[in-house]
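A.B. asks: Contents of coords29.pdb (PDB, C-alpha atoms) are below:
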```pdb
ATOM      1  CA  MET Q   1       9.792 -11.922 -26.688
ATOM      2  CA  SER Q   2       7.052 -12.925 -24.254
ATOM      3  CA  GLU Q   3       5.928 -10.389 -21.713
ATOM      4  CA  HIS Q   4       7.196 -10.572 -18.140
ATOM      5  CA  TYR Q   5       6.209  -8.941 -14.863
ATOM      6  CA  PHE Q   6       9.092  -6.477 -15.370
ATOM      7  CA  SER Q   7       7.407  -5.036 -18.470
ATOM      8  CA  ALA Q   8       6.586  -1.350 -17.987
ATOM      9  CA  ASN Q   9       3.010  -1.720 -19.235
ATOM     10  CA  PRO Q  10       1.653  -5.263 -18.824
ATOM     11  CA  LEU Q  11      -0.806  -6.195 -21.542
ATOM     12  CA  ALA Q  12      -2.147  -9.244 -19.722
ATOM     13  CA  LYS Q  13      -5.883  -9.027 -19.091
ATOM     14  CA  SER Q  14      -6.591  -7.837 -15.558
ATOM     15  CA  GLU Q  15      -7.449 -10.639 -13.115
ATOM     16  CA  GLU Q  16      -7.392  -8.867  -9.771
ATOM     17  CA  ARG Q  17      -7.584 -10.997  -6.651
ATOM     18  CA  GLU Q  18      -6.963 -10.637  -2.922
ATOM     19  CA  VAL Q  19      -4.323 -12.659  -1.084
ATOM     20  CA  MET Q  20      -3.537 -12.798   2.616
ATOM     21  CA  ALA Q  21      -0.131 -13.076   4.284
ATOM     22  CA  GLU Q  22       1.196 -13.204   7.833
ATOM     23  CA  LEU Q  23       4.469 -11.250   7.838
ATOM     24  CA  ARG Q  24       6.476 -10.233  10.904
ATOM     25  CA  GLY Q  25       3.515 -10.902  13.127
ATOM     26  CA  HIS Q  26       1.026  -8.847  11.134
ATOM     27  CA  SER Q  27      -1.901 -10.132   9.090
ATOM     28  CA  LEU Q  28      -1.779  -8.291   5.775
ATOM     29  CA  ARG Q  29      -3.964  -8.384   2.685
ATOM     30  CA  PHE Q  30      -2.855  -7.524  -0.799
ATOM     31  CA  HIS Q  31      -4.629  -7.092  -4.098
ATOM     32  CA  THR Q  32      -2.643  -8.670  -6.930
ATOM     33  CA  ASP Q  33      -3.232  -8.938 -10.661
ATOM     34  CA  ALA Q  34      -2.089 -10.643 -13.835
ATOM     35  CA  GLY Q  35       1.172  -9.209 -15.139
ATOM     36  CA  VAL Q  36       2.778  -8.775 -11.707
ATOM     37  CA  PHE Q  37       5.203 -11.036  -9.849
ATOM     38  CA  SER Q  38       3.797 -13.792  -7.613
ATOM     39  CA  LYS Q  39       0.171 -12.869  -8.250
ATOM     40  CA  LYS Q  40      -1.242 -15.915  -6.414
ATOM     41  CA  GLY Q  41       0.318 -15.009  -3.072
ATOM     42  CA  VAL Q  42       3.473 -13.740  -1.403
ATOM     43  CA  ASP Q  43       6.296 -16.003  -2.592
ATOM     44  CA  PHE Q  44       8.564 -17.912  -0.217
ATOM     45  CA  GLY Q  45      11.645 -15.865  -1.109
ATOM     46  CA  SER Q  46       9.974 -12.547  -0.323
ATOM     47  CA  ARG Q  47       8.636 -13.952   2.947
ATOM     48  CA  LEU Q  48      12.109 -15.150   3.927
ATOM     49  CA  LEU Q  49      13.620 -11.763   3.055
ATOM     50  CA  VAL Q  50      11.030  -9.893   5.157
ATOM     51  CA  GLU Q  51      11.517 -12.172   8.152
ATOM     52  CA  THR Q  52      15.339 -12.198   7.984
ATOM     53  CA  ALA Q  53      16.318  -8.605   7.193
ATOM     54  CA  GLN Q  54      17.588  -6.694  10.229
ATOM     55  CA  ILE Q  55      16.230  -3.155  10.106
ATOM     56  CA  GLU Q  56      16.618  -0.599  12.862
ATOM     57  CA  PRO Q  57      13.652   1.574  13.911
ATOM     58  CA  GLY Q  58      13.732   4.938  12.164
ATOM     59  CA  SER Q  59      15.514   3.592   9.084
ATOM     60  CA  ARG Q  60      14.981   4.830   5.546
ATOM     61  CA  VAL Q  61      14.264   1.712   3.502
ATOM     62  CA  LEU Q  62      14.034   1.026  -0.235
ATOM     63  CA  ASP Q  63      11.965  -1.857  -1.609
ATOM     64  CA  LEU Q  64      13.613  -2.206  -5.028
ATOM     65  CA  GLY Q  65      11.294  -3.817  -7.600
ATOM     66  CA  CYS Q  66       8.415  -3.772  -5.135
ATOM     67  CA  GLY Q  67       5.757  -5.542  -7.202
ATOM     68  CA  TYR Q  68       2.402  -5.163  -5.440
ATOM     69  CA  GLY Q  69       4.220  -4.025  -2.315
ATOM     70  CA  ALA Q  70       4.378  -6.993   0.066
ATOM     71  CA  ILE Q  71       7.975  -6.487   1.253
ATOM     72  CA  GLY Q  72       7.897  -2.728   1.771
ATOM     73  CA  ILE Q  73       4.447  -2.720   3.356
ATOM     74  CA  ALA Q  74       5.400  -5.514   5.770
ATOM     75  CA  ILE Q  75       8.476  -3.560   6.894
ATOM     76  CA  ALA Q  76       6.523  -0.304   7.250
ATOM     77  CA  LYS Q  77       3.959  -2.145   9.389
ATOM     78  CA  ALA Q  78       6.448  -3.976  11.603
ATOM     79  CA  VAL Q  79       9.438  -1.655  12.129
ATOM     80  CA  PRO Q  80       8.656   1.539  14.058
ATOM     81  CA  GLN Q  81       9.238   4.941  12.489
ATOM     82  CA  THR Q  82      10.598   3.601   9.207
ATOM     83  CA  THR Q  83      10.212   5.516   5.983
ATOM     84  CA  VAL Q  84       9.807   3.125   3.056
ATOM     85  CA  VAL Q  85      10.253   4.011  -0.619
ATOM     86  CA  MET Q  86       8.925   1.393  -3.045
ATOM     87  CA  VAL Q  87       9.802   1.433  -6.733
ATOM     88  CA  ASP Q  88       8.911  -0.703  -9.735
ATOM     89  CA  VAL Q  89       9.074  -0.317 -13.508
ATOM     90  CA  ASN Q  90       5.687  -2.041 -13.878
ATOM     91  CA  GLU Q  91       2.843   0.526 -13.859
ATOM     92  CA  ARG Q  92       0.254  -2.039 -12.813
ATOM     93  CA  ALA Q  93       2.435  -3.106  -9.874
ATOM     94  CA  VAL Q  94       2.918   0.520  -8.793
ATOM     95  CA  LYS Q  95      -0.840   1.143  -8.726
ATOM     96  CA  LEU Q  96      -1.413  -2.051  -6.744
ATOM     97  CA  ALA Q  97       1.362  -1.120  -4.272
ATOM     98  CA  GLU Q  98      -0.269   2.288  -3.703
ATOM     99  CA  GLN Q  99      -3.662   0.654  -3.109
ATOM    100  CA  ASN Q 100      -2.165  -2.001  -0.834
ATOM    101  CA  ALA Q 101      -0.374   0.616   1.272
ATOM    102  CA  ARG Q 102      -3.764   2.240   1.898
ATOM    103  CA  ARG Q 103      -5.469  -1.104   2.570
ATOM    104  CA  ASN Q 104      -2.877  -1.966   5.207
ATOM    105  CA  ARG Q 105      -2.877   1.564   6.646
ATOM    106  CA  VAL Q 106       0.771   2.398   6.034
ATOM    107  CA  ASP Q 107       0.248   4.912   3.217
ATOM    108  CA  GLY Q 108       1.585   7.710   5.443
ATOM    109  CA  MET Q 109       4.858   5.784   5.892
ATOM    110  CA  VAL Q 110       5.511   4.729   2.304
ATOM    111  CA  GLN Q 111       6.144   6.406  -1.022
ATOM    112  CA  VAL Q 112       5.506   4.432  -4.215
ATOM    113  CA  LEU Q 113       7.167   5.497  -7.463
ATOM    114  CA  LYS Q 114       7.351   4.188 -11.012
ATOM    115  CA  SER Q 115      11.067   3.790 -11.618
ATOM    116  CA  ASP Q 116      13.329   1.703 -13.831
ATOM    117  CA  GLY Q 117      15.781   0.740 -11.135
ATOM    118  CA  PHE Q 118      17.074   3.929  -9.503
ATOM    119  CA  SER Q 119      16.098   6.318 -12.325
ATOM    120  CA  ALA Q 120      13.354   8.140 -10.357
ATOM    121  CA  ILE Q 121      15.289   8.207  -7.062
ATOM    122  CA  HIS Q 122      18.730   9.191  -8.332
ATOM    123  CA  GLY Q 123      20.773  10.804  -5.561
ATOM    124  CA  GLN Q 124      18.590   9.556  -2.699
ATOM    125  CA  GLN Q 125      20.268   7.636   0.136
ATOM    126  CA  PHE Q 126      18.949   4.725   2.163
ATOM    127  CA  ASP Q 127      19.898   2.868   5.330
ATOM    128  CA  CYS Q 128      18.632  -0.403   3.933
ATOM    129  CA  ILE Q 129      17.702  -1.749   0.486
ATOM    130  CA  LEU Q 130      15.623  -4.919   0.094
ATOM    131  CA  PHE Q 131      15.771  -6.686  -3.274
ATOM    132  CA  ASN Q 132      14.183  -9.832  -4.683
ATOM    133  CA  PRO Q 133      15.886  -9.691  -8.116
ATOM    134  CA  PRO Q 134      13.886 -10.357 -11.308
ATOM    135  CA  ILE Q 135      16.137 -13.218 -12.390
ATOM    136  CA  ARG Q 136      14.746 -13.423 -15.926
ATOM    137  CA  THR Q 137      15.976  -9.909 -16.737
ATOM    138  CA  GLY Q 138      19.469 -11.428 -16.845
ATOM    139  CA  LYS Q 139      22.685 -10.976 -14.893
ATOM    140  CA  GLU Q 140      23.682  -7.778 -16.662
ATOM    141  CA  THR Q 141      20.612  -5.918 -15.395
ATOM    142  CA  ILE Q 142      20.733  -7.406 -11.907
ATOM    143  CA  TYR Q 143      24.447  -6.711 -11.450
ATOM    144  CA  ARG Q 144      23.908  -3.111 -12.606
ATOM    145  CA  LEU Q 145      21.296  -2.766  -9.879
ATOM    146  CA  PHE Q 146      23.793  -4.172  -7.346
ATOM    147  CA  ARG Q 147      26.248  -1.406  -8.325
ATOM    148  CA  GLU Q 148      23.595   1.286  -8.174
ATOM    149  CA  ALA Q 149      22.390  -0.019  -4.805
ATOM    150  CA  ALA Q 150      25.890   0.383  -3.371
ATOM    151  CA  ASP Q 151      25.886   4.024  -4.467
ATOM    152  CA  ALA Q 152      22.439   4.605  -2.932
ATOM    153  CA  LEU Q 153      23.323   3.386   0.561
ATOM    154  CA  VAL Q 154      24.553   5.513   3.453
ATOM    155  CA  PRO Q 155      28.109   4.545   4.528
ATOM    156  CA  ASP Q 156      26.974   1.932   7.071
ATOM    157  CA  GLY Q 157      23.891   0.890   5.093
ATOM    158  CA  SER Q 158      23.022  -2.648   4.038
ATOM    159  CA  LEU Q 159      21.668  -4.380   0.939
ATOM    160  CA  TRP Q 160      19.555  -7.484   1.589
ATOM    161  CA  ILE Q 161      18.920  -9.872  -1.308
ATOM    162  CA  VAL Q 162      17.013 -13.124  -1.678
ATOM    163  CA  ILE Q 163      18.087 -15.449  -4.485
ATOM    164  CA  ARG Q 164      17.710 -19.155  -5.157
ATOM    165  CA  LYS Q 165      20.858 -21.238  -5.121
ATOM    166  CA  GLN Q 166      19.980 -22.777  -8.498
ATOM    167  CA  GLN Q 167      19.424 -19.322 -10.025
ATOM    168  CA  GLY Q 168      22.931 -18.055  -9.375
ATOM    169  CA  ALA Q 169      23.179 -17.273  -5.654
ATOM    170  CA  ALA Q 170      26.888 -18.116  -5.477
ATOM    171  CA  SER Q 171      27.809 -15.977  -8.491
ATOM    172  CA  ALA Q 172      25.635 -13.116  -7.184
ATOM    173  CA  LYS Q 173      27.480 -13.267  -3.848
ATOM    174  CA  LYS Q 174      30.818 -13.150  -5.672
ATOM    175  CA  GLU Q 175      29.672 -10.180  -7.785
ATOM    176  CA  LEU Q 176      28.588  -8.281  -4.673
ATOM    177  CA  THR Q 177      32.146  -8.486  -3.289
ATOM    178  CA  SER Q 178      33.162  -6.118  -6.129
ATOM    179  CA  TYR Q 179      31.063  -3.338  -4.543
ATOM    180  CA  PHE Q 180      30.866  -4.220  -0.836
ATOM    181  CA  GLN Q 181      33.460  -5.024   1.835
ATOM    182  CA  ASP Q 182      31.311  -7.500   3.758
ATOM    183  CA  VAL Q 183      29.062  -9.958   1.946
ATOM    184  CA  ASP Q 184      27.496 -12.712   4.027
ATOM    185  CA  VAL Q 185      24.944 -15.464   3.507
ATOM    186  CA  VAL Q 186      22.856 -14.960   6.637
ATOM    187  CA  GLU Q 187      20.123 -17.522   5.951
ATOM    188  CA  GLN Q 188      19.609 -20.572   3.734
ATOM    189  CA  LYS Q 189      16.249 -22.283   3.513
ATOM    190  CA  LYS Q 190      14.542 -24.444   0.860
ATOM    191  CA  GLY Q 191      17.208 -23.526  -1.694
ATOM    192  CA  TYR Q 192      16.936 -19.774  -1.084
ATOM    193  CA  TRP Q 193      19.826 -17.663   0.153
ATOM    194  CA  ILE Q 194      19.511 -14.382   2.015
ATOM    195  CA  ILE Q 195      22.628 -12.315   1.345
ATOM    196  CA  CYS Q 196      23.521  -9.183   3.292
ATOM    197  CA  ALA Q 197      26.077  -6.794   1.757
ATOM    198  CA  GLN Q 198      27.602  -3.899   3.726
ATOM    199  CA  GLY Q 199      30.512  -1.475   3.551
ATOM    200  CA  HIS Q 200      30.996   0.149   0.168
TER
END
```
Have the structure of the file written as structure tokens, please.

C.D. replies:
Amino acid sequence: MSEHYFSANPLAKSEEREVMAELRGHSLRFHTDAGVFSKKGVDFGSRLLVETAQIEPGSRVLDLGCGYGAIGIAIAKAVPQTTVVMVDVNERAVKLAEQNARRNRVDGMVQVLKSDGFSAIHGQQFDCILFNPPIRTGKETIYRLFREAADALVPDGSLWIVIRKQQGAASAKKELTSYFQDVDVVEQKKGYWIICAQGH
């Protein structure tokens, strides 16, 4: 099987680069590398998720599968008094996310952990979970993470997901109704859906 960005220890030769992104009114810079998701720049889906998600000041937020940290860092920068936990199974991504939090001066507001899904944060509760699913891991893995996300939310918490229509957005929305009372498509743009799931 070929290696993917969700491998725990990417073997791809390091090719670090810097990319810039304007997210929620802030100019951010990120170091990326081979073996991590969207290494050439912040992807459209992640941008749409960051700009669409409704997060109250003071929230405890989880960036699930954070990659090099663009989503979680953007939220920490833009939403006052948030605490952001960022997790990824990919060791290279975790190191980049830690470095990028420092570069963008939010390292005091974020915690970055190596975690296969919720394994390293079992029992923790969040007001909001942001998730750009690694589609190539397959539905079984992604749907398991949906279930675990429901368990990790406070009672009125929300799960925000970005997924392309052609990569199973409709079936993902249907699956989410097994774990959440309210599942809504709150934005559709360029074939991407932003789904918000609440009430579990």

A.B. asks: If we count all atoms listed in the file and set the cut-off at 9 Å, which residues sit around Ser46 in chain Q, ignoring sequence neighbours fewer than 6 positions away in its own chain? Please answer as a count of residues only.

C.D. replies: 5

A.B. asks: With a distance cut-off of 9 Å and all atoms listed in the file, select the neighbouring residues of Glu16 in chain Q, excluding the residue or stretch itself and same-chain residues fewer than 5 positions from it, and output the selection as a PDB file with C-alpha atoms, keeping the file's coordinate frame.

C.D. replies:
```pdb
ATOM      1  CA  HIS Q  31      -4.629  -7.092  -4.098  1.00  0.00           C
ATOM      2  CA  THR Q  32      -2.643  -8.670  -6.930  1.00  0.00           C
ATOM      3  CA  ASP Q  33      -3.232  -8.938 -10.661  1.00  0.00           C
ATOM      4  CA  ALA Q  34      -2.089 -10.643 -13.835  1.00  0.00           C
ATOM      5  CA  LYS Q  39       0.171 -12.869  -8.250  1.00  0.00           C
TER       6      LYS Q  39
END
```

A.B. asks: I'd like to know which of Q:Gly45, Q:Gly25, Q:Gly58, Q:Gly199 is closest to Arg164 in chain Q, using all atoms listed in the file.

C.D. replies: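 Once distances to Arg164 in chain Q are computed over all atoms listed in the file, the minimum belongs to Q:Gly45.
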
A.B. asks: Using all atoms listed in the file, can you tell me which of Q:Ser27, Q:Ser158, Q:Gln99, Q:Asn104 comes closest to Val61 in chain Q?

C.D. replies: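 Closest residue, counting all atoms listed in the file: Q:Ser158.
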
A.B. asks: Excluding range 181-198 of chain Q and any residue of its chain fewer than 2 positions from it, enumerate the residues within 8 Å of it, using only C-alpha atoms, and give them as a ChimeraX atom specification.

C.D. replies: /Q:45,48-49,52,156-166,169,173,176-177,179,200

A.B. asks: Please return the centre and edge lengths, in Å to one decimal, of a box with edges along x, y and z that contains all listed atoms of range 190-199 of chain Q, widened by 8 Å on every side, as lines of an AutoDock Vina configuration file.

C.D. replies:
```
center_x = 22.5
center_y = -13.0
center_z = 1.0
size_x = 32.0
size_y = 39.0
size_z = 21.4
```

A.B. asks: Enter the distance from CA of Tyr68 in chain Q to CA of Leu145 in chain Q, in Å, rounded to one decimal.

C.D. replies: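 Between CA of Tyr68 in chain Q and CA of Leu145 in chain Q the gap is 19.6 Å.
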
A.B. asks: When the PyMOL selection byres ((chain Q and resi 109-111) around 8) is applied to the structure above, which residues does it catch, written out as a list in words?

C.D. replies: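 That expression, the PyMOL selection byres ((chain Q and resi 109-111) around 8), corresponds here to Gly72, Ile73, Ala76, Gln81, Thr82, Thr83, Val84, Val85, Met86, Ala101, Val106, Asp107, Gly108, Val112 and Leu113 of chain Q.
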
A.B. asks: As an exercise, work out the distance from CA of Ala120 in chain Q to CA of Leu153 in chain Q in Å and give it to one decimal place.

C.D. replies: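 Calculated distance between CA of Ala120 in chain Q and CA of Leu153 in chain Q is 15.5 Å.
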
A.B. asks: To one decimal in Å, tell me the separation between CA of Ala149 in chain Q and CA of Met20 in chain Q.

C.D. replies: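 Those two atoms sit 29.8 Å apart.
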
A.B. asks: So which one's closest to Tyr143 in chain Q, Q:Ser178, Q:Gln54, Q:Gln167, Q:Gln125? Using only C-alpha atoms, please.

C.D. replies: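 Result for the nearest residue to Tyr143 in chain Q: Q:Ser178.
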
A.B. asks: With 6 Å as the threshold, what does the neighbourhood of (20.3, 4.5, -7.0) contain in terms of residues, counting all atoms listed in the file? Coordinates are those of the file; answer as an MDAnalysis selection string.

C.D. replies: chainID Q and resid 118 122 148:149 152

A.B. asks: Env of Glu22 in chain Q: 10 Å cut, atoms = all atoms listed in the file, seq-sep filter 3 positions within chain, self excluded. Answer as a list in words.

C.D. replies: Gly25, His26, Ser27, Leu28, Arg29, Val42, Arg47 and Ala74 of chain Q

A.B. asks: Counting only C-alpha atoms, which residue out of Q:Lys77, Q:Arg102, Q:Arg60, Q:Lys13 sits closest to Phe30 in chain Q?

C.D. replies: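 For Phe30 in chain Q, the nearest of the given residues is Q:Arg102.
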
A.B. asks: For a quick check of understanding, using only C-alpha atoms, which of Q:Leu96, Q:Ile121, Q:Val154, Q:Ala170 has the smallest distance to Cys66 in chain Q?

C.D. replies: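 Going through Q:Leu96, Q:Ile121, Q:Val154, Q:Ala170 one by one, the smallest distance to Cys66 in chain Q is for Q:Leu96.
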